[in-house]
Amino acid sequence: VRTHSQHMKLFKNKGKDETTLRRQRVEVSIELRKAKKDEQILKRRNISVHVKEENPSLGQDRAYEIIQPSLEEIVEAMNGDDTELQLLATQATRRLLSRHKDPPINQIIELGIIPRMVEFLGRADNAALQFEAAWALTNIASGTSEHTRAVVEGGAISAFISLLSSPHMHISEQSVWALGNIAGDGPLYRDALIARDVIPPLLALVSPATPVGFLRNITWTLSNLCRNKNPCPPLDAVKKILPVLIFLLQHEDKEVISDSCWAVSYLTDSCNDRIQVVVDTGILPRLVELMVSPDVNVVTPALRAIGNVVTGTDQQTQEAIDAGVLAVLPRLLRHTKPVIQKEAAWTLSNIAAGPCQQIQQIITCGLLPPLVELLSKGDFKAQKEAVWVVANFTTGGTVDQVVELVRSGVLKPLLNLLLAKDSKTILTILETISKLFLAAEKLGETEKLCLLVEELDGLDKIEDLQNHENDMVYRAALDIIEKYFSGEENTDLEPQTGQDGLYDFSVEKQDFNF
Amino acid sequence: MELSDANLQTLTEYLKKTLDPDPAIRRPAEKFLESVEGSQNYPLLLLTLLEKSQENVIKVCASVTFKNYIKRNWRIVEDEPNKICESDRIAIKANIVPLMLSSPEQIQKQLSDAISIIGREDFPQKWPDLLTEMVNRFQSGDFHVINGVLRTAHSLFKRYRHEFKSNELWTEIKLVLDAFALPLTNLFKATIELCSTHANDASALKVLFSSLILIAKLFYSLNFQDLPEFFEDNMETWMTNFHSLLTLDNKLLQTDDEEEAGLLELLKSQICDNAALYAQKYDEEFQPYLPRFVTAIWNLLVTTGQEVKYDLLVSNAIQFLASVCERPHYKHLFEDQNTLTSICEKVIVPNMEFRAADEEAFEDNSEEYIRRDLEGSDIDTRRRAACDLVRGLCKFFEGPVTGIFSGYVNSMLQEYAKNPSVNWKHKDAAIYLVTSLASKAQTQKHGITQANELVNLTEFFVNHIQPDLKSATVNEFPVLKADGIKYIMIFRNQVPKEQLLVSIPLLINHLQAESIVVHTYAAHALERLFTMRGTNNATLITAAEMAPFVEVLLTNLFKALTLPGSSENEYIMKAIMRSFSLLQESIIPYIPSVITQLTQKLLAVSKNPSKPHFNHYMFESICLSVRITCKANPEAVGSFEEALFLVFTEILQNDVQEFIPYVFQVMSLLLEMHKNEIPSSYMALFPHLLQPVLWERTGNIPPLVRLLQAYLERGASTIASAAADKI
């Protein structure tokens, strides 16, 4: 039971509680869009050709000199006993799988050589063979789920975990990579890896002496071990990884920081208990600091992580506020990248869903001007989120706070967005307008708000929405018109009724459609 | 019912009878059909008839009957019996698409409607092969068939434009996209190619353009909820082709009709909508294409004529520009002085011109004209769109735009001055331009509340508006008169009070104008001026300032009600009410005449009450007369009763429902004026007030309660003795 629940009721007795207001990241699991370009990569293929220095045995590996054996020859050589031929065949396979375009993953799988290559992983006596096999398998695992499954079913998990402790750094590194691909496939393999105790040897690789390239790979694999929901990764695994992530977040390399942030963002994209685990590490101030990093690849996941934290309880949200999130959000709301604007607005919308003390902090920290700016000029995705900020604000805010919001000029862009081509946004705005009127009624300023709405061309738009095809939109518009804009004539008459003689025919109002 | 020839024959007979003009034959046949529609095979019999009947009229009749049958019965409502048996459902779904596609257009439309009704319930889960069945027809090459498919698809998918995002909806859209997006794109490309191979074949072009319109509409529906991956990947294909279609013209597709939009206009209009959708929602992805569209749409505007058939296209196109020019990152597309000048000159000014169609409406359809011009129901008009564009441009370029337009306003005014009777439309456009340039915010109650400071409104008023209104001939240049009056009305808060006072006699004078628009505007302007508030919340214009004009004001107002077309003009009646309210006791000398005219009017309109606003203000005016007069002279109540009771009795006797609540309220008012006993005239009415039928209408109850209260307060004893038996 939440500490603030009593408190909330005092301020939000409008039939909604914070659980409906706070919007988790995933509302709809079906996507029509292209997979998001700002997401972290799930699986990666090693197509690097700059392996010479890492792999002394391949010193003469230059494409134009190599005669590529046929697939039949590869199978034969791999299954044969000649170690030299095994190496050449594995190398040839790796080369096929590393070529830039259309690696023949399916064909290689169909050859049935995966178990054999897994076997090669165990050849502690032949580092070159181990490495080539590890690389080839990494690239197979980088494909579709089916491809990854072929590698896992070939028995690669244990072999790769053992190789983490290989004395050869390049082999250990390639294994980290392969395991990252397997973990990235989804919760099933991720948890299979964790169950085989992948974490201790993996974490053991992190030390101040680890070369940065290697560290990047480790961080990325760690992030995949934190990734995915349904279910989320086991709690004890998370608790083991977190201290290392916090260490990595202090690193100077941007990629390491970026992937660490991604990892934290996955851990916070979860239930409140999990958010608490992250909050307890005291990492929030560092994340807030990273939200304004000059590197957008750091900003994106840091913002996400904090955005997830504020979907949590009021106390968790307060921790984020105390860490300074409100001071950095204005900059992000004005960011040049629309996705960042959108995420920042989403974050703010969840803070606005909090108790009125937090809403007050939004005001005090000067978030209203950038919010109004975003509403009027932002990218549509961001505008939609900004509408939610206003909606939550008007639901949870006190009358004074709502007045402050209106004074900041929110009404004009909000009313403009009634032209948005999105029914849900329109409905949210209409509901928000109704709430503004409730506040105005309390202040006895209904008429003033009516005039303001009309002046800003809102009345025309609301009237027009009475023709909207969506039933709920149409009804919400009708409701506002009937409640606040149909008695226009009578408001003219009212001041005089009873004194100077104008007669009040108000009972007849229902017969009119002004 | 079996699928037998005998049953087909019977059904044919009954269908034929449902077309009979004689209700005695038609009704029983309709009843019969309804009584058998629950039987198995009934819908299949209809489908057989609409396909195979010898008579075309039976085919059409069967198709309409079928569609209505589907509409009434297809939906399975929870806890209610399934009204169509499962085997019929399966048979219908298996046959309807090919049947629809092979039918002539008239029948095709009915079946297409039926498919979308079925689709709404069954698609996609219970009708999994519908999409593939439709898509397969794209290859047929027969555009009659293809258009049938497209039309059906459009009616199935258009709900994506207004429904809320949900997992269920998006799953369906995804399914549709997977099956439909690629074939649609290929069809789009193929159709465009065919358009160029058949560029000289008018009848082929018409069919192809109908397809293109439907394809463009489908594009809108499929892209509405979010930008689908497929369309993002194929944006080049779609946008390049849309762009070239916007610039396309072909003599063969031009229509002679001035009113009805032709295929070319409809297509371009839809493309503007599509571009606007992308610009609004997917700006990031659409950015590379946007400048091209701005140019194309702007050129389109420059080359499109003034005919009514282009209105939708032009207003859509202008709205597109208006929405783009407000966005900060597209500012650069407009900021060049030459661009601005050219937009002002070639896009805005021409679309502000008063057209033949406006002139017609001004003269022959004044009610509609007033509604559009005064009450802002002009959302889709060219003028409104042009006005929005001005406002959009002013956001970033207020100075330059004002400068450019000032030049235009001056030159148009000069044109007018040279030869007013020929060039009066130039002045109309100049006034409109000034109005749209100056008004930044507006309400009905206060007129313009925020004005462009670069425009000198008072100077324009004194130099160009007042002279028109001062002219001795109120019927000359009625449009300019109306413009001038409207100017006073909307800028009433910007123009100084002394200028308003100068205008009042001019407005009163124009109540006599023959033009409905002019005298209506004059009444409305007076009414608005009389509601303005000055300091201390008192009216800005005082009764004392109005004193010299009372007689002429009242005379002209009531005379205006006798002008042709204005016998129930609500603006005039409202102005009467407002004048009473402002003038108070200064109207007393005129009350005898006023009340006579009001009761005559009441008597006349009670025959057929049709204008609720008019009636409301009329009763308000009557009440005001009573109050104002009786406040000064309580004895006068008798003469009001004398004047009104006759009409009231008639209203009550004829049970004029709209007026009865008003009558009770006026009676209460009159009765409350009596200090002593109830006059006998009231007592005679008392028993009737207790009739249950009066109390059945909720609208009657509050005024009746009030009236009874007035009775009881004054005549409790009389009632107790005289009417006790009736209670």
# chains A, B, ... in the order shown; residues from 1 in each chain; ligands from 1

$ interface_residues --of "chain B" --to "chain A" --cutoff "6 Å" --atoms "only C-alpha atoms" --output "ChimeraX atom specification"
/B:162,164,167,227-229,281,441-443,624,627

$ residues_around --residues "stretch 71-78 of chain A" --least-positions-apart "5" --cutoff "8 Å" --atoms "only C-alpha atoms" --output "PyMOL selection string"
chain A and resi 85-87+89-90+92-93+111+113+116

$ write_last_selection --atoms "all heavy atoms" --output "short mmCIF file (atom, residue, chain, number, x, y, z; two decimals), in the first residue's frame"
data_model
loop_
_atom_site.label_atom_id
_atom_site.label_comp_id
_atom_site.auth_asym_id
_atom_site.auth_seq_id
_atom_site.Cartn_x
_atom_site.Cartn_y
_atom_site.Cartn_z
N LEU A 85 42.85 -28.27 -42.05
CA LEU A 85 41.68 -28.10 -42.92
C LEU A 85 40.47 -27.63 -42.12
O LEU A 85 39.68 -26.81 -42.59
CB LEU A 85 41.36 -29.42 -43.63
CG LEU A 85 42.32 -29.80 -44.76
CD1 LEU A 85 41.93 -31.16 -45.36
CD2 LEU A 85 42.34 -28.73 -45.86
N GLN A 86 40.36 -28.14 -40.89
CA GLN A 86 39.26 -27.69 -40.04
C GLN A 86 39.31 -26.18 -39.87
O GLN A 86 38.31 -25.48 -39.99
CB GLN A 86 39.35 -28.35 -38.66
CG GLN A 86 38.89 -29.79 -38.65
CD GLN A 86 39.19 -30.46 -37.30
OE1 GLN A 86 39.82 -29.88 -36.41
NE2 GLN A 86 38.74 -31.71 -37.16
N LEU A 87 40.51 -25.71 -39.60
CA LEU A 87 40.67 -24.27 -39.39
C LEU A 87 40.31 -23.50 -40.65
O LEU A 87 39.56 -22.52 -40.62
CB LEU A 87 42.11 -23.96 -38.97
CG LEU A 87 42.41 -22.46 -38.80
CD1 LEU A 87 41.57 -21.87 -37.68
CD2 LEU A 87 43.90 -22.23 -38.52
N ALA A 89 38.42 -24.41 -43.10
CA ALA A 89 36.98 -24.50 -43.40
C ALA A 89 36.19 -23.57 -42.48
O ALA A 89 35.27 -22.87 -42.91
CB ALA A 89 36.50 -25.94 -43.23
N THR A 90 36.59 -23.57 -41.20
CA THR A 90 35.88 -22.71 -40.25
C THR A 90 36.09 -21.24 -40.61
O THR A 90 35.16 -20.43 -40.57
CB THR A 90 36.39 -22.98 -38.82
OG1 THR A 90 36.37 -24.38 -38.58
CG2 THR A 90 35.50 -22.30 -37.80
N ALA A 92 36.71 -20.12 -43.56
CA ALA A 92 35.92 -19.84 -44.78
C ALA A 92 34.46 -19.59 -44.41
O ALA A 92 33.81 -18.68 -44.93
CB ALA A 92 36.01 -21.03 -45.74
N THR A 93 33.97 -20.39 -43.47
CA THR A 93 32.60 -20.21 -43.02
C THR A 93 32.44 -18.84 -42.39
O THR A 93 31.49 -18.10 -42.68
CB THR A 93 32.24 -21.29 -41.97
OG1 THR A 93 32.61 -22.55 -42.49
CG2 THR A 93 30.77 -21.25 -41.63
N LEU A 111 23.77 -26.85 -43.49
CA LEU A 111 24.90 -27.78 -43.64
C LEU A 111 25.05 -28.69 -42.42
O LEU A 111 25.75 -29.70 -42.46
CB LEU A 111 26.21 -27.02 -43.85
CG LEU A 111 26.31 -26.14 -45.10
CD1 LEU A 111 27.66 -25.42 -45.12
CD2 LEU A 111 26.16 -26.98 -46.37
N ILE A 113 26.59 -27.98 -39.62
CA ILE A 113 27.95 -27.93 -39.05
C ILE A 113 28.00 -27.20 -37.72
O ILE A 113 29.08 -27.08 -37.11
CB ILE A 113 28.94 -27.28 -40.04
CG1 ILE A 113 28.41 -25.92 -40.47
CG2 ILE A 113 29.18 -28.18 -41.23
CD1 ILE A 113 29.39 -25.12 -41.31
N ARG A 116 29.44 -29.16 -34.82
CA ARG A 116 30.88 -29.34 -35.02
C ARG A 116 31.65 -28.09 -34.59
O ARG A 116 32.66 -28.16 -33.90
CB ARG A 116 31.12 -29.64 -36.50
CG ARG A 116 32.54 -29.99 -36.86
CD ARG A 116 33.00 -31.31 -36.26
NE ARG A 116 34.30 -31.72 -36.78
CZ ARG A 116 35.06 -32.64 -36.24
NH1 ARG A 116 34.64 -33.26 -35.14
NH2 ARG A 116 36.23 -32.97 -36.78
#

$ select_by_dssp --residues "stretch 137-178 of chain B" --states "helix (DSSP H, G or I)" --output "number ranges by chain"
B: 137-140, 143-161, 167-178

$ residues_around --residues "A:Leu333" --least-positions-apart "6" --cutoff "7 Å" --atoms "only C-alpha atoms" --output "PDB file with all heavy atoms, in the first residue's frame"
ATOM      1  N   GLN A 341      12.326  15.209 -27.581  1.00  0.00           N
ATOM      2  CA  GLN A 341      11.216  16.060 -27.136  1.00  0.00           C
ATOM      3  C   GLN A 341      10.083  15.188 -26.619  1.00  0.00           C
ATOM      4  O   GLN A 341       9.502  15.436 -25.572  1.00  0.00           O
ATOM      5  CB  GLN A 341      10.637  16.867 -28.308  1.00  0.00           C
ATOM      6  CG  GLN A 341      11.524  17.925 -28.890  1.00  0.00           C
ATOM      7  CD  GLN A 341      10.888  18.541 -30.141  1.00  0.00           C
ATOM      8  OE1 GLN A 341       9.722  18.277 -30.454  1.00  0.00           O
ATOM      9  NE2 GLN A 341      11.639  19.347 -30.852  1.00  0.00           N
ATOM     10  N   ALA A 344      10.891  13.428 -23.346  1.00  0.00           N
ATOM     11  CA  ALA A 344      10.948  14.402 -22.258  1.00  0.00           C
ATOM     12  C   ALA A 344       9.526  14.792 -21.843  1.00  0.00           C
ATOM     13  O   ALA A 344       9.216  14.888 -20.657  1.00  0.00           O
ATOM     14  CB  ALA A 344      11.737  15.628 -22.694  1.00  0.00           C
ATOM     15  N   ALA A 345       8.666  14.982 -22.844  1.00  0.00           N
ATOM     16  CA  ALA A 345       7.285  15.364 -22.540  1.00  0.00           C
ATOM     17  C   ALA A 345       6.562  14.217 -21.836  1.00  0.00           C
ATOM     18  O   ALA A 345       5.779  14.432 -20.907  1.00  0.00           O
ATOM     19  CB  ALA A 345       6.550  15.753 -23.815  1.00  0.00           C
ATOM     20  N   PRO A 370       8.614  26.135 -21.460  1.00  0.00           N
ATOM     21  CA  PRO A 370       8.991  25.174 -22.509  1.00  0.00           C
ATOM     22  C   PRO A 370       7.841  24.238 -22.891  1.00  0.00           C
ATOM     23  O   PRO A 370       7.748  23.802 -24.039  1.00  0.00           O
ATOM     24  CB  PRO A 370      10.151  24.387 -21.905  1.00  0.00           C
ATOM     25  CG  PRO A 370      10.139  24.674 -20.454  1.00  0.00           C
ATOM     26  CD  PRO A 370       9.504  26.012 -20.283  1.00  0.00           C
ATOM     27  N   LEU A 374       6.519  23.764 -26.651  1.00  0.00           N
ATOM     28  CA  LEU A 374       6.449  22.452 -27.282  1.00  0.00           C
ATOM     29  C   LEU A 374       5.049  22.214 -27.852  1.00  0.00           C
ATOM     30  O   LEU A 374       4.895  21.717 -28.960  1.00  0.00           O
ATOM     31  CB  LEU A 374       6.787  21.374 -26.244  1.00  0.00           C
ATOM     32  CG  LEU A 374       6.951  19.967 -26.803  1.00  0.00           C
ATOM     33  CD1 LEU A 374       8.188  19.898 -27.675  1.00  0.00           C
ATOM     34  CD2 LEU A 374       7.065  18.946 -25.673  1.00  0.00           C
TER      35      LEU A 374
END

$ closest_residue --among "A:Lys384, A:Arg190, A:Lys43, A:Arg304" --to "A:Ser142" --atoms "only C-alpha atoms"
A:Lys43

$ residues_around --residues "B:Arg27" --least-positions-apart "6" --cutoff "10 Å" --atoms "only C-alpha atoms" --output "number ranges by chain"
B: 17-21, 33

$ residues_around --residues "B:Lys601" --least-positions-apart "6" --cutoff "10 Å" --atoms "only C-alpha atoms" --output "ChimeraX atom specification"
/B:561,567-568,595,615,618

$ write_last_selection --atoms "N, CA and C atoms" --output "tab-separated table (two decimals), in the first residue's frame"
chain	number	residue	atom	x	y	z
B	561	LEU	N	-39.51	45.05	-39.67
B	561	LEU	CA	-40.18	43.75	-39.60
B	561	LEU	C	-41.22	43.59	-40.71
B	567	SER	N	-40.09	39.23	-41.88
B	567	SER	CA	-41.23	39.29	-40.97
B	567	SER	C	-40.95	38.56	-39.65
B	568	GLU	N	-40.05	37.59	-39.68
B	568	GLU	CA	-39.67	36.95	-38.41
B	568	GLU	C	-38.16	37.00	-38.24
B	595	ILE	N	-47.15	47.95	-28.28
B	595	ILE	CA	-47.79	46.73	-27.81
B	595	ILE	C	-48.80	46.21	-28.83
B	615	ASN	N	-39.22	34.24	-31.52
B	615	ASN	CA	-40.32	34.18	-30.56
B	615	ASN	C	-39.85	34.52	-29.15
B	618	MET	N	-39.38	38.13	-28.83
B	618	MET	CA	-40.68	38.80	-28.88
B	618	MET	C	-41.31	38.78	-27.48

$ residues_around --residues "B:Arg492" --least-positions-apart "5" --cutoff "12 Å" --atoms "only C-alpha atoms" --output "MDAnalysis selection string"
chainID B and resid 442:451 457:458 461 484:487 497:501 503:504 525:533 540:541

$ residues_around --residues "B:Asn556" --least-positions-apart "2" --cutoff "9 Å" --atoms "only C-alpha atoms" --output "mmCIF file with C-alpha atoms, in the first residue's frame"
data_model
loop_
_atom_site.group_PDB
_atom_site.id
_atom_site.type_symbol
_atom_site.label_atom_id
_atom_site.label_comp_id
_atom_site.auth_asym_id
_atom_site.auth_seq_id
_atom_site.Cartn_x
_atom_site.Cartn_y
_atom_site.Cartn_z
ATOM 1 C CA ILE B 508 -30.849 53.449 -37.605
ATOM 2 C CA ASN B 509 -31.219 54.849 -41.085
ATOM 3 C CA HIS B 510 -30.047 51.591 -42.630
ATOM 4 C CA LEU B 511 -32.792 49.674 -40.885
ATOM 5 C CA GLN B 512 -34.829 50.877 -43.827
ATOM 6 C CA GLU B 551 -38.763 57.608 -31.975
ATOM 7 C CA VAL B 552 -36.954 56.995 -35.222
ATOM 8 C CA LEU B 553 -35.236 53.927 -33.771
ATOM 9 C CA LEU B 554 -38.494 52.296 -32.692
ATOM 10 C CA PHE B 558 -40.830 47.867 -36.366
ATOM 11 C CA LYS B 559 -40.932 48.951 -39.984
ATOM 12 C CA ALA B 560 -38.031 46.663 -40.728
ATOM 13 C CA LEU B 561 -40.184 43.752 -39.601
#

$ atom_distance --atom1 "atom CA of A:Ile359" --atom2 "atom CA of A:Ala320"
13.7 Å
